[in-house]
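J.: Got a structure here, written out as structure tokens. Questions coming.
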Amino acid sequence: MTRGCKHRETADRLGVRAEAGEWCWIGEIPQPPADIAQSAGNPRTRPARRSPPALAGTVLGAPFLPVLWLLMLLARAEQAVERFLDTKEEKERHRARKEDERRRDAAGEQRGLDNVFDGDRRGAAGQFLLHRYSHSTHHERLLFAGQDGIVFAAPPERVGVGRDRRAKAVARLSAEEATPEDPFGGEFETRITLIRFRDGSWLRVDTEEARSELHMYALRNAR
């Protein structure tokens with residue numbers, strides 16, 4: 001089953017009318033000042049720790065890490081050889097992609113997109129972010145977007161496998177409250193999507209796939 005089909009199946013199961021869906025995550029939430037945290041009920045600002053079975057799997061897989069690293073090094077060496085053998089046109093395209101990436105990173109840093117939100121703790125985005133892990137302790141969200149607004153789905157607790165099957169709607173924002181936004185207006189291929197709130201504040205999420213369904217939806221519905 002393709003990613004899109006799996007997302008649509010989850011949306012149907014949850015009764016969500018969505019035009020786009022994508023798994024995403026956010027960066028580490030900065031620890032709020034004591035007065036802000038207290039007024040919000042001292043919510044948790046970190047996801048749950050990995051479960052014992054997941055940790056056990058990591059331990060059991062540790063002996064194979066050197067093999068994986070060797071394979072990664074070999075793959076990089078192969079890519080380097082392929083680039084060396086590229087035609088002049090292919091090398092030019094590669095340089096152009098690298099230049100786009102540098103320009104994108106510089107533009108993102110200039111706009112403060114290396115932060116997880118706009119910095120206003122009392123703004124709508126900052127307040128929503130404060131309650132993120134009160135909604136679900138899982139570290140990822142399946143974000144759906146449609147004309148009715150945005151729905152965040154996730155397993156109630158952190159899981160290692162079966163996230164789609166266990167996902168439930170954990171938060172909703174109407175189209176009047178917030179909309180998804182491609183911060184670069186489609187100029188660059190990016191994993192970054194902003195959730196732009198009505199008061200102008202924003203929250204950054206990173207999608208698993210660059211230029212995902214969510215980005216395409218945001219570009220189609222840009223105001």
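So you can find residues: chains in the structure tokens are A, B, ... in the order shown, residues in each start at 1, and ligands are numbered from 1 in order.
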Applying 6 Å and only C-alpha atoms, which residues near region 113-127 of chain A remain after dropping the ones on its own chain fewer than 6 positions away? List them as a list in words.
T.: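 What passes the distance filter is Gly27, Ser201, Trp202, Leu203 and Arg204 of chain A.
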J.: Using the selection just defined, write its residues with all heavy atoms as an mmCIF file, in the first residue's frame.
T.:
```cif
data_model
loop_
_atom_site.group_PDB
_atom_site.id
_atom_site.type_symbol
_atom_site.label_atom_id
_atom_site.label_comp_id
_atom_site.auth_asym_id
_atom_site.auth_seq_id
_atom_site.Cartn_x
_atom_site.Cartn_y
_atom_site.Cartn_z
ATOM 1 N N GLY A 27 10.841 20.060 16.192
ATOM 2 C CA GLY A 27 12.081 20.045 16.960
ATOM 3 C C GLY A 27 11.801 20.069 18.457
ATOM 4 O O GLY A 27 10.650 20.041 18.904
ATOM 5 N N SER A 201 1.190 34.235 14.421
ATOM 6 C CA SER A 201 2.203 33.350 14.985
ATOM 7 C C SER A 201 2.275 32.064 14.177
ATOM 8 O O SER A 201 1.336 31.722 13.454
ATOM 9 C CB SER A 201 1.883 33.042 16.455
ATOM 10 O OG SER A 201 0.630 32.387 16.582
ATOM 11 N N TRP A 202 3.396 31.340 14.287
ATOM 12 C CA TRP A 202 3.554 30.132 13.478
ATOM 13 C C TRP A 202 4.291 29.044 14.245
ATOM 14 O O TRP A 202 5.042 29.295 15.179
ATOM 15 C CB TRP A 202 4.281 30.429 12.164
ATOM 16 C CG TRP A 202 5.612 31.137 12.305
ATOM 17 C CD1 TRP A 202 5.835 32.475 12.176
ATOM 18 C CD2 TRP A 202 6.899 30.545 12.597
ATOM 19 N NE1 TRP A 202 7.170 32.760 12.370
ATOM 20 C CE2 TRP A 202 7.842 31.600 12.619
ATOM 21 C CE3 TRP A 202 7.327 29.244 12.836
ATOM 22 C CZ2 TRP A 202 9.203 31.384 12.887
ATOM 23 C CZ3 TRP A 202 8.681 29.021 13.103
ATOM 24 C CH2 TRP A 202 9.596 30.081 13.123
ATOM 25 N N LEU A 203 4.036 27.833 13.806
ATOM 26 C CA LEU A 203 4.663 26.630 14.345
ATOM 27 C C LEU A 203 5.273 25.871 13.176
ATOM 28 O O LEU A 203 4.634 25.706 12.140
ATOM 29 C CB LEU A 203 3.596 25.774 15.044
ATOM 30 C CG LEU A 203 3.940 24.334 15.403
ATOM 31 C CD1 LEU A 203 5.023 24.283 16.456
ATOM 32 C CD2 LEU A 203 2.689 23.608 15.903
ATOM 33 N N ARG A 204 6.524 25.440 13.324
ATOM 34 C CA ARG A 204 7.194 24.703 12.243
ATOM 35 C C ARG A 204 7.027 23.200 12.445
ATOM 36 O O ARG A 204 7.253 22.677 13.535
ATOM 37 C CB ARG A 204 8.686 25.044 12.225
ATOM 38 C CG ARG A 204 9.502 24.095 11.363
ATOM 39 C CD ARG A 204 10.978 24.406 11.386
ATOM 40 N NE ARG A 204 11.751 23.299 10.826
ATOM 41 C CZ ARG A 204 13.003 23.391 10.407
ATOM 42 N NH1 ARG A 204 13.639 24.546 10.486
ATOM 43 N NH2 ARG A 204 13.624 22.332 9.923
#
```
J.: Quick one: everything within 12 Å of Arg211 (chain A), counting only C-alpha atoms, minus sequence neighbours fewer than 6 positions away in the same chain. Send it as a list in words.
T.: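 Near neighbours after the sequence-gap exclusion: Ala20, Glu22, Glu181, Asp182, Pro183, Phe184, Gly185, Gly186, Glu187, Phe188, Glu189, Thr190, Arg191, Ile192, Thr193, Tyr217, Ala218 and Leu219 of chain A.
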J.: Skip region 170-173 of chain A itself and residues of its chain fewer than 4 positions away, then list as a VMD selection string all residues within 6 Å of it, counting only C-alpha atoms.
T.: chain A and resid 135 149 to 153 177
J.: With C-alpha atoms retained, could you export that selection as a JSON list (two decimals), in the first residue's frame?
T.:
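The resulting file, result-v9.json, is shown below:
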```
[["chain", "number", "residue", "atom", "x", "y", "z"],
["A", 135, "HIS", "CA", -2.50, 15.62, 23.40],
["A", 149, "GLY", "CA", -9.13, 22.89, 8.81],
["A", 150, "ILE", "CA", -6.23, 20.91, 10.22],
["A", 151, "VAL", "CA", -6.37, 17.65, 12.18],
["A", 152, "PHE", "CA", -3.41, 16.21, 14.08],
["A", 153, "ALA", "CA", -3.56, 12.44, 14.58],
["A", 177, "GLU", "CA", -7.78, 29.34, 13.37]]
```
J.: As a PDB file with C-alpha atoms, in the first residue's frame, list the residues of region 113-167 of chain A assigned to strand (DSSP E or B) by DSSP on the backbone atoms of this structure.
T.:
```pdb
ATOM      1  CA  PHE A 117       7.971  28.467  16.578  1.00  0.00           C
ATOM      2  CA  ARG A 141       1.916  13.575  14.125  1.00  0.00           C
ATOM      3  CA  LEU A 142      -0.054  12.597  11.054  1.00  0.00           C
ATOM      4  CA  LEU A 143      -1.183  16.018   9.912  1.00  0.00           C
ATOM      5  CA  PHE A 144      -4.319  16.220   7.760  1.00  0.00           C
ATOM      6  CA  ALA A 145      -5.379  19.390   5.940  1.00  0.00           C
ATOM      7  CA  GLY A 146      -8.632  20.192   4.182  1.00  0.00           C
ATOM      8  CA  GLY A 149      -9.128  22.888   8.808  1.00  0.00           C
ATOM      9  CA  ILE A 150      -6.231  20.912  10.219  1.00  0.00           C
ATOM     10  CA  VAL A 151      -6.370  17.654  12.179  1.00  0.00           C
ATOM     11  CA  PHE A 152      -3.414  16.213  14.082  1.00  0.00           C
ATOM     12  CA  ALA A 153      -3.556  12.444  14.579  1.00  0.00           C
ATOM     13  CA  ALA A 154      -1.232  10.206  16.593  1.00  0.00           C
TER      14      ALA A 154
END
```
J.: CA of Asp148 (chain A) and CA of Glu213 (chain A), how far apart in Å?
T.: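 Pair CA of Glu213 (chain A) / CA of Asp148 (chain A) returns 16.7 Å.
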J.: Just checking: using only C-alpha atoms, which residue out of A:His131, A:Arg49, A:Lys88, A:Arg102 ends up closest to Ile36 (chain A)?
T.: A:His131
J.: Out of region 27-201 of chain A, which residues get helix (DSSP H, G or I) from DSSP, as JSON, numbers by chain?
T.: {"A": [34, 35, 36, 37, 38, 39, 52, 53, 54, 55, 56, 57, 58, 59, 60, 61, 62, 63, 64, 65, 66, 67, 68, 69, 70, 71, 72, 73, 74, 75, 76, 77, 78, 79, 80, 81, 82, 83, 84, 85, 88, 89, 90, 91, 92, 93, 94, 95, 96, 97, 98, 99, 100, 101, 102, 103, 104, 105, 106, 107, 108, 109, 110, 124, 125, 126, 127, 128, 129, 130, 132, 133, 134, 135, 163, 164, 165, 166]}
J.: Write a file of the selected residues as a short mmCIF file (atom, residue, chain, number, x, y, z; two decimals), in the first residue's frame, keeping C-alpha atoms.
T.:
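Saved as out-v1.cif:
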```cif
data_model
loop_
_atom_site.label_atom_id
_atom_site.label_comp_id
_atom_site.auth_asym_id
_atom_site.auth_seq_id
_atom_site.Cartn_x
_atom_site.Cartn_y
_atom_site.Cartn_z
CA ALA A 34 7.97 29.11 35.04
CA ASP A 35 5.05 31.57 34.96
CA ILE A 36 4.04 30.55 31.43
CA ALA A 37 4.27 26.84 32.28
CA GLN A 38 2.29 27.31 35.50
CA SER A 39 -0.49 29.26 33.80
CA PRO A 52 11.40 -1.30 26.49
CA PRO A 53 10.81 -3.49 23.38
CA ALA A 54 12.07 -0.67 21.15
CA LEU A 55 15.11 -0.17 23.35
CA ALA A 56 15.73 -3.93 23.33
CA GLY A 57 15.58 -3.90 19.54
CA THR A 58 18.20 -1.13 19.49
CA VAL A 59 20.48 -3.13 21.79
CA LEU A 60 20.08 -6.30 19.74
CA GLY A 61 20.76 -4.38 16.54
CA ALA A 62 23.90 -2.67 17.89
CA PRO A 63 26.32 -5.42 16.70
CA PHE A 64 25.16 -4.79 13.12
CA LEU A 65 25.90 -1.04 13.23
CA PRO A 66 29.49 -1.35 11.93
CA VAL A 67 28.15 -3.26 8.92
CA LEU A 68 25.54 -0.56 8.28
CA TRP A 69 28.16 2.18 8.56
CA LEU A 70 30.39 0.31 6.10
CA LEU A 71 27.51 -0.01 3.65
CA MET A 72 26.76 3.71 3.99
CA LEU A 73 30.41 4.57 3.33
CA LEU A 74 30.43 2.33 0.26
CA ALA A 75 27.23 3.96 -1.00
CA ARG A 76 28.75 7.43 -0.56
CA ALA A 77 31.92 6.32 -2.34
CA GLU A 78 29.81 4.99 -5.20
CA GLN A 79 27.94 8.30 -5.42
CA ALA A 80 31.25 10.19 -5.48
CA VAL A 81 32.50 8.03 -8.34
CA GLU A 82 29.23 8.51 -10.23
CA ARG A 83 29.47 12.29 -9.79
CA PHE A 84 33.06 12.20 -11.05
CA LEU A 85 31.87 10.35 -14.15
CA LYS A 88 29.14 18.34 -17.83
CA GLU A 89 25.36 18.94 -17.84
CA GLU A 90 24.79 16.56 -14.93
CA LYS A 91 27.57 18.21 -12.91
CA GLU A 92 25.99 21.58 -13.59
CA ARG A 93 22.60 20.33 -12.38
CA HIS A 94 24.25 18.96 -9.23
CA ARG A 95 25.93 22.32 -8.54
CA ALA A 96 22.62 24.08 -9.12
CA ARG A 97 20.88 21.80 -6.60
CA LYS A 98 23.60 22.47 -4.02
CA GLU A 99 23.30 26.21 -4.61
CA ASP A 100 19.51 26.00 -4.16
CA GLU A 101 20.03 24.15 -0.88
CA ARG A 102 22.44 26.85 0.35
CA ARG A 103 20.03 29.62 -0.64
CA ARG A 104 17.12 27.78 1.02
CA ASP A 105 19.05 27.28 4.27
CA ALA A 106 20.16 30.92 4.31
CA ALA A 107 16.60 32.14 3.65
CA GLY A 108 15.25 29.86 6.38
CA GLU A 109 17.79 31.10 8.91
CA GLN A 110 17.07 34.72 7.99
CA ALA A 124 -1.66 31.05 19.49
CA ALA A 125 1.20 28.94 18.11
CA GLY A 126 3.18 29.10 21.37
CA GLN A 127 0.13 28.13 23.41
CA PHE A 128 -0.75 25.27 21.06
CA LEU A 129 2.83 24.03 21.19
CA LEU A 130 2.78 24.00 24.98
CA ARG A 132 1.46 19.23 22.16
CA TYR A 133 2.53 16.31 24.35
CA SER A 134 -0.55 16.60 26.53
CA HIS A 135 -2.50 15.62 23.40
CA ARG A 163 1.49 4.24 14.19
CA ASP A 164 -1.12 4.48 11.38
CA ARG A 165 -3.26 1.70 12.81
CA ARG A 166 -3.19 3.17 16.32
#
```
J.: Any idea what the distance is between CA of Phe197 (chain A) and CA of Leu214 (chain A)?
T.: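 Computing the Euclidean distance for CA of Phe197 (chain A) and CA of Leu214 (chain A) yields 16.4 Å.
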